[in-house]
$ cat run_0.csv   # CSV, N, CA and C atoms and all ligand atoms
chain,number,residue,atom,x,y,z
A,1,MET,N,70.9,102.3,97.8
A,1,MET,CA,70.9,103.7,98.1
A,1,MET,C,72.1,104.1,99.1
A,2,LYS,N,72.7,105.2,98.8
A,2,LYS,CA,73.8,105.6,99.6
A,2,LYS,C,73.4,106.7,100.6
A,3,GLN,N,74.0,106.5,101.8
A,3,GLN,CA,73.7,107.5,102.8
A,3,GLN,C,74.6,108.7,102.7
A,4,LYS,N,74.2,109.8,103.2
A,4,LYS,CA,75.1,111.0,103.2
A,4,LYS,C,76.3,110.8,104.0
A,5,HIS,N,77.4,111.3,103.6
A,5,HIS,CA,78.6,111.1,104.3
A,5,HIS,C,78.9,112.1,105.4
A,6,SER,N,78.2,111.9,106.5
A,6,SER,CA,78.4,112.8,107.6
A,6,SER,C,79.5,112.3,108.6
A,7,LYS,N,79.3,111.1,109.1
A,7,LYS,CA,80.3,110.5,109.9
A,7,LYS,C,80.5,109.1,109.4
A,8,LYS,N,81.7,108.5,109.8
A,8,LYS,CA,82.0,107.2,109.4
A,8,LYS,C,81.1,106.2,110.1
A,9,PRO,N,80.4,105.4,109.3
A,9,PRO,CA,79.6,104.4,109.9
A,9,PRO,C,80.5,103.3,110.6
A,10,LYS,N,79.9,102.7,111.6
A,10,LYS,CA,80.7,101.8,112.4
A,10,LYS,C,81.1,100.6,111.6
A,11,LYS,N,80.3,100.2,110.6
A,11,LYS,CA,80.6,99.1,109.7
A,11,LYS,C,82.0,99.4,109.0
A,12,GLN,N,82.1,100.6,108.5
A,12,GLN,CA,83.3,101.0,107.8
A,12,GLN,C,84.5,100.9,108.7
A,13,VAL,N,84.3,101.4,109.9
A,13,VAL,CA,85.5,101.4,110.8
A,13,VAL,C,85.9,100.0,111.2
A,14,ASP,N,84.9,99.1,111.3
A,14,ASP,CA,85.2,97.7,111.6
A,14,ASP,C,86.0,97.1,110.4
A,15,MET,N,85.5,97.4,109.2
A,15,MET,CA,86.2,96.9,108.0
A,15,MET,C,87.6,97.4,107.9
A,16,ALA,N,87.8,98.7,108.3
A,16,ALA,CA,89.1,99.3,108.2
A,16,ALA,C,90.0,98.5,109.2
A,17,ARG,N,89.5,98.3,110.4
A,17,ARG,CA,90.3,97.5,111.4
A,17,ARG,C,90.7,96.2,110.9
A,18,GLU,N,89.8,95.5,110.2
A,18,GLU,CA,90.1,94.2,109.7
A,18,GLU,C,91.1,94.3,108.6
A,19,ARG,N,91.0,95.3,107.8
A,19,ARG,CA,92.0,95.4,106.7
A,19,ARG,C,93.4,95.7,107.2
A,20,ILE,N,93.4,96.5,108.3
A,20,ILE,CA,94.7,96.7,108.9
A,20,ILE,C,95.3,95.5,109.4
A,21,ASN,N,94.5,94.7,110.1
A,21,ASN,CA,95.0,93.4,110.6
A,21,ASN,C,95.5,92.5,109.5
A,22,ILE,N,94.8,92.4,108.4
A,22,ILE,CA,95.2,91.6,107.3
A,22,ILE,C,96.5,92.1,106.7
A,23,LEU,N,96.6,93.4,106.6
A,23,LEU,CA,97.8,94.0,106.0
A,23,LEU,C,99.1,93.6,106.8
A,24,PHE,N,98.9,93.7,108.1
A,24,PHE,CA,100.0,93.3,109.0
A,24,PHE,C,100.3,91.8,108.9
A,25,GLU,N,99.3,91.0,108.8
A,25,GLU,CA,99.5,89.6,108.6
A,25,GLU,C,100.3,89.3,107.4
A,26,GLN,N,99.9,90.0,106.3
A,26,GLN,CA,100.6,89.9,105.0
A,26,GLN,C,102.0,90.4,105.1
A,27,ALA,N,102.2,91.5,105.8
A,27,ALA,CA,103.5,92.0,106.0
A,27,ALA,C,104.5,91.0,106.6
A,28,ASP,N,103.9,90.4,107.6
A,28,ASP,CA,104.7,89.4,108.3
A,28,ASP,C,105.1,88.2,107.4
A,29,LEU,N,104.1,87.8,106.6
A,29,LEU,CA,104.3,86.6,105.7
A,29,LEU,C,105.3,86.9,104.6
A,30,ARG,N,105.3,88.1,104.1
A,30,ARG,CA,106.1,88.5,103.0
A,30,ARG,C,107.5,89.0,103.4
A,31,PHE,N,107.7,89.2,104.7
A,31,PHE,CA,109.0,89.8,105.1
A,31,PHE,C,110.2,89.1,104.6
A,32,LYS,N,110.2,87.8,104.7
A,32,LYS,CA,111.4,87.0,104.4
A,32,LYS,C,111.8,87.2,102.9
A,33,GLU,N,110.8,87.1,102.1
A,33,GLU,CA,111.1,87.2,100.7
A,33,GLU,C,111.3,88.6,100.1
A,34,ASN,N,110.5,89.5,100.7
A,34,ASN,CA,110.5,90.9,100.2
A,34,ASN,C,110.1,91.9,101.3
A,35,SER,N,111.1,92.4,102.0
A,35,SER,CA,110.8,93.3,103.1
A,35,SER,C,110.2,94.6,102.6
A,36,LYS,N,110.5,95.0,101.4
A,36,LYS,CA,110.0,96.2,100.9
A,36,LYS,C,108.5,96.2,100.7
A,37,LEU,N,108.0,95.0,100.4
A,37,LEU,CA,106.6,94.8,100.3
A,37,LEU,C,105.9,94.9,101.7
A,38,SER,N,106.6,94.4,102.7
A,38,SER,CA,106.1,94.6,104.0
A,38,SER,C,106.0,96.0,104.4
A,39,ASP,N,107.0,96.8,104.0
A,39,ASP,CA,106.9,98.3,104.3
A,39,ASP,C,105.7,98.9,103.6
A,40,ARG,N,105.5,98.4,102.4
A,40,ARG,CA,104.3,99.0,101.7
A,40,ARG,C,103.0,98.6,102.4
A,41,TYR,N,102.9,97.4,102.9
A,41,TYR,CA,101.7,97.0,103.7
A,41,TYR,C,101.5,97.9,104.9
A,42,VAL,N,102.6,98.2,105.6
A,42,VAL,CA,102.6,99.1,106.7
A,42,VAL,C,102.1,100.4,106.3
A,43,GLU,N,102.6,100.9,105.2
A,43,GLU,CA,102.2,102.2,104.7
A,43,GLU,C,100.7,102.3,104.4
A,44,LEU,N,100.2,101.2,103.8
A,44,LEU,CA,98.8,101.1,103.5
A,44,LEU,C,97.9,101.1,104.7
A,45,ALA,N,98.4,100.3,105.7
A,45,ALA,CA,97.7,100.1,107.0
A,45,ALA,C,97.6,101.5,107.7
A,46,ARG,N,98.7,102.2,107.6
A,46,ARG,CA,98.7,103.5,108.3
A,46,ARG,C,97.7,104.5,107.6
A,47,LYS,N,97.7,104.4,106.3
A,47,LYS,CA,96.8,105.3,105.5
A,47,LYS,C,95.3,105.0,105.9
A,48,ILE,N,95.0,103.7,105.9
A,48,ILE,CA,93.7,103.3,106.3
A,48,ILE,C,93.3,103.8,107.7
A,49,ALA,N,94.2,103.6,108.6
A,49,ALA,CA,94.0,104.1,110.0
A,49,ALA,C,93.7,105.5,110.0
A,50,MET,N,94.5,106.3,109.3
A,50,MET,CA,94.3,107.8,109.2
A,50,MET,C,93.0,108.1,108.6
A,51,LYS,N,92.7,107.5,107.5
A,51,LYS,CA,91.5,107.8,106.8
A,51,LYS,C,90.2,107.6,107.6
A,52,TYR,N,90.2,106.4,108.3
A,52,TYR,CA,89.0,106.1,109.1
A,52,TYR,C,89.2,106.5,110.6
A,53,LYS,N,90.3,107.2,110.9
A,53,LYS,CA,90.5,107.6,112.3
A,53,LYS,C,90.5,106.4,113.2
A,54,VAL,N,91.1,105.3,112.8
A,54,VAL,CA,91.1,104.1,113.6
A,54,VAL,C,92.5,104.1,114.4
A,55,ARG,N,92.4,103.9,115.6
A,55,ARG,CA,93.7,103.8,116.4
A,55,ARG,C,94.3,102.5,116.1
A,56,MET,N,95.6,102.5,115.9
A,56,MET,CA,96.4,101.3,115.7
A,56,MET,C,96.4,100.5,117.0
A,57,PRO,N,96.0,99.2,116.9
A,57,PRO,CA,96.0,98.4,118.1
A,57,PRO,C,97.5,98.3,118.6
A,58,ARG,N,97.6,98.2,119.9
A,58,ARG,CA,98.8,98.2,120.6
A,58,ARG,C,99.8,97.2,120.0
A,59,GLU,N,99.3,96.0,119.8
A,59,GLU,CA,100.2,94.9,119.3
A,59,GLU,C,100.7,95.2,117.9
A,60,LEU,N,100.0,96.0,117.2
A,60,LEU,CA,100.5,96.3,115.8
A,60,LEU,C,101.4,97.5,115.8
A,61,LYS,N,101.3,98.4,116.8
A,61,LYS,CA,102.1,99.6,116.9
A,61,LYS,C,103.6,99.2,117.0
A,62,ARG,N,103.8,98.1,117.6
A,62,ARG,CA,105.2,97.7,117.9
A,62,ARG,C,105.8,96.9,116.7
A,63,LYS,N,105.0,96.7,115.7
A,63,LYS,CA,105.4,96.0,114.5
A,63,LYS,C,106.0,96.9,113.4
A,64,PHE,N,106.0,98.2,113.7
A,64,PHE,CA,106.7,99.0,112.7
A,64,PHE,C,107.3,100.2,113.4
A,65,CYS,N,108.3,100.7,112.8
A,65,CYS,CA,109.1,101.8,113.4
A,65,CYS,C,108.3,103.1,113.3
A,66,LYS,N,108.2,103.8,114.4
A,66,LYS,CA,107.4,105.0,114.4
A,66,LYS,C,108.2,106.2,113.8
A,67,HIS,N,109.5,106.0,113.6
A,67,HIS,CA,110.2,107.0,112.9
A,67,HIS,C,110.3,106.9,111.4
A,68,CYS,N,110.7,105.7,110.9
A,68,CYS,CA,110.8,105.5,109.5
A,68,CYS,C,109.6,104.6,108.9
A,69,HIS,N,108.8,104.1,109.8
A,69,HIS,CA,107.6,103.4,109.4
A,69,HIS,C,107.9,102.1,108.7
A,70,LYS,N,109.0,101.5,108.9
A,70,LYS,CA,109.3,100.3,108.3
A,70,LYS,C,108.8,99.1,109.1
A,71,TYR,N,108.5,98.0,108.5
A,71,TYR,CA,108.1,96.9,109.2
A,71,TYR,C,109.2,96.3,110.1
A,72,LEU,N,109.0,96.0,111.3
A,72,LEU,CA,110.1,95.6,112.2
A,72,LEU,C,109.9,94.1,112.5
A,73,LYS,N,111.0,93.4,112.3
A,73,LYS,CA,111.0,92.0,112.7
A,73,LYS,C,112.2,91.8,113.7
A,74,PRO,N,111.8,91.5,114.9
A,74,PRO,CA,112.8,91.4,116.0
A,74,PRO,C,113.9,90.3,115.5
A,75,GLY,N,115.1,90.7,115.7
A,75,GLY,CA,116.2,89.8,115.4
A,75,GLY,C,116.6,89.9,114.0
A,76,VAL,N,115.8,90.6,113.2
A,76,VAL,CA,116.2,90.8,111.8
A,76,VAL,C,116.6,92.2,111.5
A,77,ASN,N,115.6,93.1,111.6
A,77,ASN,CA,116.0,94.5,111.4
A,77,ASN,C,115.7,95.4,112.6
A,78,CYS,N,115.4,94.7,113.7
A,78,CYS,CA,115.3,95.5,115.0
A,78,CYS,C,115.7,94.6,116.2
A,79,ARG,N,116.1,95.4,117.2
A,79,ARG,CA,116.6,94.7,118.4
A,79,ARG,C,115.6,95.1,119.5
A,80,VAL,N,115.2,94.1,120.3
A,80,VAL,CA,114.3,94.3,121.4
A,80,VAL,C,114.9,94.1,122.7
A,81,ARG,N,114.8,95.1,123.6
A,81,ARG,CA,115.3,95.0,125.0
A,81,ARG,C,114.2,95.4,126.0
A,82,THR,N,114.3,94.8,127.1
A,82,THR,CA,113.3,95.2,128.1
A,82,THR,C,114.1,95.9,129.2
A,83,THR,N,113.6,97.0,129.6
A,83,THR,CA,114.2,97.8,130.7
A,83,THR,C,113.1,98.1,131.7
A,84,GLY,N,113.0,97.3,132.8
A,84,GLY,CA,112.0,97.5,133.8
A,84,GLY,C,110.6,97.4,133.2
A,85,LYS,N,109.9,98.5,133.1
A,85,LYS,CA,108.5,98.5,132.6
A,85,LYS,C,108.4,98.7,131.1
A,86,ASN,N,109.5,99.1,130.5
A,86,ASN,CA,109.5,99.4,129.1
A,86,ASN,C,110.1,98.3,128.2
A,87,VAL,N,109.6,98.3,127.0
A,87,VAL,CA,110.3,97.5,126.0
A,87,VAL,C,110.9,98.5,125.0
A,88,VAL,N,112.2,98.4,124.8
A,88,VAL,CA,112.9,99.3,123.9
A,88,VAL,C,113.2,98.6,122.6
A,89,TYR,N,112.7,99.2,121.5
A,89,TYR,CA,113.0,98.7,120.2
A,89,TYR,C,114.0,99.6,119.5
A,90,TYR,N,115.0,98.9,119.0
A,90,TYR,CA,116.0,99.7,118.3
A,90,TYR,C,115.9,99.3,116.8
A,91,CYS,N,115.6,100.3,116.0
A,91,CYS,CA,115.4,100.1,114.6
A,91,CYS,C,116.7,100.2,113.8
A,92,LYS,N,117.1,99.1,113.1
A,92,LYS,CA,118.3,99.1,112.4
A,92,LYS,C,118.3,99.9,111.1
A,93,ASN,N,117.1,100.2,110.7
A,93,ASN,CA,116.9,101.0,109.4
A,93,ASN,C,117.3,102.4,109.6
A,94,CYS,N,116.7,103.0,110.7
A,94,CYS,CA,117.0,104.4,110.9
A,94,CYS,C,117.8,104.7,112.1
A,95,LYS,N,118.2,103.6,112.8
A,95,LYS,CA,119.1,103.7,113.9
A,95,LYS,C,118.5,104.6,115.0
A,96,ARG,N,117.3,104.4,115.3
A,96,ARG,CA,116.6,105.1,116.4
A,96,ARG,C,115.9,104.2,117.3
A,97,TYR,N,115.6,104.7,118.5
A,97,TYR,CA,115.0,103.9,119.5
A,97,TYR,C,113.5,104.2,119.6
A,98,MET,N,112.7,103.2,120.0
A,98,MET,CA,111.4,103.6,120.3
A,98,MET,C,111.0,102.8,121.6
A,99,ARG,N,110.4,103.5,122.5
A,99,ARG,CA,110.0,102.9,123.8
A,99,ARG,C,108.6,102.6,123.8
A,100,ILE,N,108.3,101.4,124.2
A,100,ILE,CA,106.9,101.0,124.3
A,100,ILE,C,106.6,100.5,125.7
A,101,GLY,N,105.6,101.1,126.4
A,101,GLY,CA,105.2,100.7,127.7
A,101,GLY,C,104.3,99.4,127.6
A,102,TYR,N,104.2,98.7,128.7
A,102,TYR,CA,103.4,97.5,128.6
A,102,TYR,C,101.9,97.9,128.6
A,201,ZN,ZN,113.2,103.2,111.9

$ encode --input "run_0.csv" --output "structure tokens"
Amino acid sequence: MKQKHSKKPKKQVDMARERINILFEQADLRFKENSKLSDRYVELARKIAMKYKVRMPRELKRKFCKHCHKYLKPGVNCRVRTTGKNVVYYCKNCKRYMRIGY
């Protein structure tokens, strides 16, 4: 029996979180051979997050560019610098910066 869809059950939210984690894991694994696939995984993870209104965990937020949403791999398609309290990511895809506080 199905319940009426009033609000998102906690179970679904937990599942969404897990799927997001898995997608980022996969994105990392696939990056070397096919970075476009990684971008797709990021896209999917973002869609899931939006659908279930799940906030992206901090450690995942820095794994993709907030401007062009591409998967970021430090030393490959992004540069990471620390300035005092902030970490600055420079995305080589869209050539923009993103600042992340600790
Ligand atoms: Zn970018």

$ residues_near_ligand --input "run_0.csv" --ligand "ligand ZN 201 (chain A)" --cutoff "9 Å" --atoms "only C-alpha atoms and all ligand atoms" --output "ChimeraX atom specification"
/A:64-72,78,90-98

$ select_by_dssp --input "run_0.csv" --residues "chain A" --states "strand (DSSP E or B)" --output "list of chain:residue names"
A:Phe64, A:Tyr71, A:Pro74, A:Cys78, A:Arg79, A:Val80, A:Arg81, A:Thr82, A:Thr83, A:Asn86, A:Val87, A:Val88, A:Tyr89, A:Tyr90, A:Cys91, A:Arg96, A:Tyr97, A:Met98, A:Arg99, A:Ile100, A:Gly101

$ write_last_selection --input "run_0.csv" --atoms "N, CA and C atoms" --output "PDB file, in the coordinates of the input"
ATOM      1  N   PHE A  64     106.000  98.200 113.700  1.00  0.00           N
ATOM      2  CA  PHE A  64     106.700  99.000 112.700  1.00  0.00           C
ATOM      3  C   PHE A  64     107.300 100.200 113.400  1.00  0.00           C
ATOM      4  N   TYR A  71     108.500  98.000 108.500  1.00  0.00           N
ATOM      5  CA  TYR A  71     108.100  96.900 109.200  1.00  0.00           C
ATOM      6  C   TYR A  71     109.200  96.300 110.100  1.00  0.00           C
ATOM      7  N   PRO A  74     111.800  91.500 114.900  1.00  0.00           N
ATOM      8  CA  PRO A  74     112.800  91.400 116.000  1.00  0.00           C
ATOM      9  C   PRO A  74     113.900  90.300 115.500  1.00  0.00           C
ATOM     10  N   CYS A  78     115.400  94.700 113.700  1.00  0.00           N
ATOM     11  CA  CYS A  78     115.300  95.500 115.000  1.00  0.00           C
ATOM     12  C   CYS A  78     115.700  94.600 116.200  1.00  0.00           C
ATOM     13  N   ARG A  79     116.100  95.400 117.200  1.00  0.00           N
ATOM     14  CA  ARG A  79     116.600  94.700 118.400  1.00  0.00           C
ATOM     15  C   ARG A  79     115.600  95.100 119.500  1.00  0.00           C
ATOM     16  N   VAL A  80     115.200  94.100 120.300  1.00  0.00           N
ATOM     17  CA  VAL A  80     114.300  94.300 121.400  1.00  0.00           C
ATOM     18  C   VAL A  80     114.900  94.100 122.700  1.00  0.00           C
ATOM     19  N   ARG A  81     114.800  95.100 123.600  1.00  0.00           N
ATOM     20  CA  ARG A  81     115.300  95.000 125.000  1.00  0.00           C
ATOM     21  C   ARG A  81     114.200  95.400 126.000  1.00  0.00           C
ATOM     22  N   THR A  82     114.300  94.800 127.100  1.00  0.00           N
ATOM     23  CA  THR A  82     113.300  95.200 128.100  1.00  0.00           C
ATOM     24  C   THR A  82     114.100  95.900 129.200  1.00  0.00           C
ATOM     25  N   THR A  83     113.600  97.000 129.600  1.00  0.00           N
ATOM     26  CA  THR A  83     114.200  97.800 130.700  1.00  0.00           C
ATOM     27  C   THR A  83     113.100  98.100 131.700  1.00  0.00           C
ATOM     28  N   ASN A  86     109.500  99.100 130.500  1.00  0.00           N
ATOM     29  CA  ASN A  86     109.500  99.400 129.100  1.00  0.00           C
ATOM     30  C   ASN A  86     110.100  98.300 128.200  1.00  0.00           C
ATOM     31  N   VAL A  87     109.600  98.300 127.000  1.00  0.00           N
ATOM     32  CA  VAL A  87     110.300  97.500 126.000  1.00  0.00           C
ATOM     33  C   VAL A  87     110.900  98.500 125.000  1.00  0.00           C
ATOM     34  N   VAL A  88     112.200  98.400 124.800  1.00  0.00           N
ATOM     35  CA  VAL A  88     112.900  99.300 123.900  1.00  0.00           C
ATOM     36  C   VAL A  88     113.200  98.600 122.600  1.00  0.00           C
ATOM     37  N   TYR A  89     112.700  99.200 121.500  1.00  0.00           N
ATOM     38  CA  TYR A  89     113.000  98.700 120.200  1.00  0.00           C
ATOM     39  C   TYR A  89     114.000  99.600 119.500  1.00  0.00           C
ATOM     40  N   TYR A  90     115.000  98.900 119.000  1.00  0.00           N
ATOM     41  CA  TYR A  90     116.000  99.700 118.300  1.00  0.00           C
ATOM     42  C   TYR A  90     115.900  99.300 116.800  1.00  0.00           C
ATOM     43  N   CYS A  91     115.600 100.300 116.000  1.00  0.00           N
ATOM     44  CA  CYS A  91     115.400 100.100 114.600  1.00  0.00           C
ATOM     45  C   CYS A  91     116.700 100.200 113.800  1.00  0.00           C
ATOM     46  N   ARG A  96     117.300 104.400 115.300  1.00  0.00           N
ATOM     47  CA  ARG A  96     116.600 105.100 116.400  1.00  0.00           C
ATOM     48  C   ARG A  96     115.900 104.200 117.300  1.00  0.00           C
ATOM     49  N   TYR A  97     115.600 104.700 118.500  1.00  0.00           N
ATOM     50  CA  TYR A  97     115.000 103.900 119.500  1.00  0.00           C
ATOM     51  C   TYR A  97     113.500 104.200 119.600  1.00  0.00           C
ATOM     52  N   MET A  98     112.700 103.200 120.000  1.00  0.00           N
ATOM     53  CA  MET A  98     111.400 103.600 120.300  1.00  0.00           C
ATOM     54  C   MET A  98     111.000 102.800 121.600  1.00  0.00           C
ATOM     55  N   ARG A  99     110.400 103.500 122.500  1.00  0.00           N
ATOM     56  CA  ARG A  99     110.000 102.900 123.800  1.00  0.00           C
ATOM     57  C   ARG A  99     108.600 102.600 123.800  1.00  0.00           C
ATOM     58  N   ILE A 100     108.300 101.400 124.200  1.00  0.00           N
ATOM     59  CA  ILE A 100     106.900 101.000 124.300  1.00  0.00           C
ATOM     60  C   ILE A 100     106.600 100.500 125.700  1.00  0.00           C
ATOM     61  N   GLY A 101     105.600 101.100 126.400  1.00  0.00           N
ATOM     62  CA  GLY A 101     105.200 100.700 127.700  1.00  0.00           C
ATOM     63  C   GLY A 101     104.300  99.400 127.600  1.00  0.00           C
TER      64      GLY A 101
END

$ residues_around --input "run_0.csv" --residues "A:Gln26" --least-positions-apart "5" --cutoff "12 Å" --atoms "only C-alpha atoms" --output "MDAnalysis selection string"
chainID A and resid 19:21 31:35 37:42 44:45 71

$ write_last_selection --input "run_0.csv" --atoms "N, CA and C atoms" --output "PDB file, in the frame of the given file"
ATOM      1  N   ARG A  19      91.000  95.300 107.800  1.00  0.00           N
ATOM      2  CA  ARG A  19      92.000  95.400 106.700  1.00  0.00           C
ATOM      3  C   ARG A  19      93.400  95.700 107.200  1.00  0.00           C
ATOM      4  N   ILE A  20      93.400  96.500 108.300  1.00  0.00           N
ATOM      5  CA  ILE A  20      94.700  96.700 108.900  1.00  0.00           C
ATOM      6  C   ILE A  20      95.300  95.500 109.400  1.00  0.00           C
ATOM      7  N   ASN A  21      94.500  94.700 110.100  1.00  0.00           N
ATOM      8  CA  ASN A  21      95.000  93.400 110.600  1.00  0.00           C
ATOM      9  C   ASN A  21      95.500  92.500 109.500  1.00  0.00           C
ATOM     10  N   PHE A  31     107.700  89.200 104.700  1.00  0.00           N
ATOM     11  CA  PHE A  31     109.000  89.800 105.100  1.00  0.00           C
ATOM     12  C   PHE A  31     110.200  89.100 104.600  1.00  0.00           C
ATOM     13  N   LYS A  32     110.200  87.800 104.700  1.00  0.00           N
ATOM     14  CA  LYS A  32     111.400  87.000 104.400  1.00  0.00           C
ATOM     15  C   LYS A  32     111.800  87.200 102.900  1.00  0.00           C
ATOM     16  N   GLU A  33     110.800  87.100 102.100  1.00  0.00           N
ATOM     17  CA  GLU A  33     111.100  87.200 100.700  1.00  0.00           C
ATOM     18  C   GLU A  33     111.300  88.600 100.100  1.00  0.00           C
ATOM     19  N   ASN A  34     110.500  89.500 100.700  1.00  0.00           N
ATOM     20  CA  ASN A  34     110.500  90.900 100.200  1.00  0.00           C
ATOM     21  C   ASN A  34     110.100  91.900 101.300  1.00  0.00           C
ATOM     22  N   SER A  35     111.100  92.400 102.000  1.00  0.00           N
ATOM     23  CA  SER A  35     110.800  93.300 103.100  1.00  0.00           C
ATOM     24  C   SER A  35     110.200  94.600 102.600  1.00  0.00           C
ATOM     25  N   LEU A  37     108.000  95.000 100.400  1.00  0.00           N
ATOM     26  CA  LEU A  37     106.600  94.800 100.300  1.00  0.00           C
ATOM     27  C   LEU A  37     105.900  94.900 101.700  1.00  0.00           C
ATOM     28  N   SER A  38     106.600  94.400 102.700  1.00  0.00           N
ATOM     29  CA  SER A  38     106.100  94.600 104.000  1.00  0.00           C
ATOM     30  C   SER A  38     106.000  96.000 104.400  1.00  0.00           C
ATOM     31  N   ASP A  39     107.000  96.800 104.000  1.00  0.00           N
ATOM     32  CA  ASP A  39     106.900  98.300 104.300  1.00  0.00           C
ATOM     33  C   ASP A  39     105.700  98.900 103.600  1.00  0.00           C
ATOM     34  N   ARG A  40     105.500  98.400 102.400  1.00  0.00           N
ATOM     35  CA  ARG A  40     104.300  99.000 101.700  1.00  0.00           C
ATOM     36  C   ARG A  40     103.000  98.600 102.400  1.00  0.00           C
ATOM     37  N   TYR A  41     102.900  97.400 102.900  1.00  0.00           N
ATOM     38  CA  TYR A  41     101.700  97.000 103.700  1.00  0.00           C
ATOM     39  C   TYR A  41     101.500  97.900 104.900  1.00  0.00           C
ATOM     40  N   VAL A  42     102.600  98.200 105.600  1.00  0.00           N
ATOM     41  CA  VAL A  42     102.600  99.100 106.700  1.00  0.00           C
ATOM     42  C   VAL A  42     102.100 100.400 106.300  1.00  0.00           C
ATOM     43  N   LEU A  44     100.200 101.200 103.800  1.00  0.00           N
ATOM     44  CA  LEU A  44      98.800 101.100 103.500  1.00  0.00           C
ATOM     45  C   LEU A  44      97.900 101.100 104.700  1.00  0.00           C
ATOM     46  N   ALA A  45      98.400 100.300 105.700  1.00  0.00           N
ATOM     47  CA  ALA A  45      97.700 100.100 107.000  1.00  0.00           C
ATOM     48  C   ALA A  45      97.600 101.500 107.700  1.00  0.00           C
ATOM     49  N   TYR A  71     108.500  98.000 108.500  1.00  0.00           N
ATOM     50  CA  TYR A  71     108.100  96.900 109.200  1.00  0.00           C
ATOM     51  C   TYR A  71     109.200  96.300 110.100  1.00  0.00           C
TER      52      TYR A  71
END

$ atom_distance --input "run_0.csv" --atom1 "atom CA of A:Lys7" --atom2 "atom CA of A:Ala49"
15.1 Å

$ atom_distance --input "run_0.csv" --atom1 "atom CA of A:Arg62" --atom2 "atom CA of A:Lys36"
17.7 Å

$ select_by_dssp --input "run_0.csv" --residues "chain A" --states "helix (DSSP H, G or I)" --output "count of residues only"
42

$ atom_distance --input "run_0.csv" --atom1 "atom CA of A:Val80" --atom2 "atom N of A:Arg55"
24.6 Å

$ residues_around --input "run_0.csv" --residues "A:Lys53" --least-positions-apart "5" --cutoff "8 Å" --atoms "all atoms listed in the file" --output "ChimeraX atom specification"
/A:13,47-48
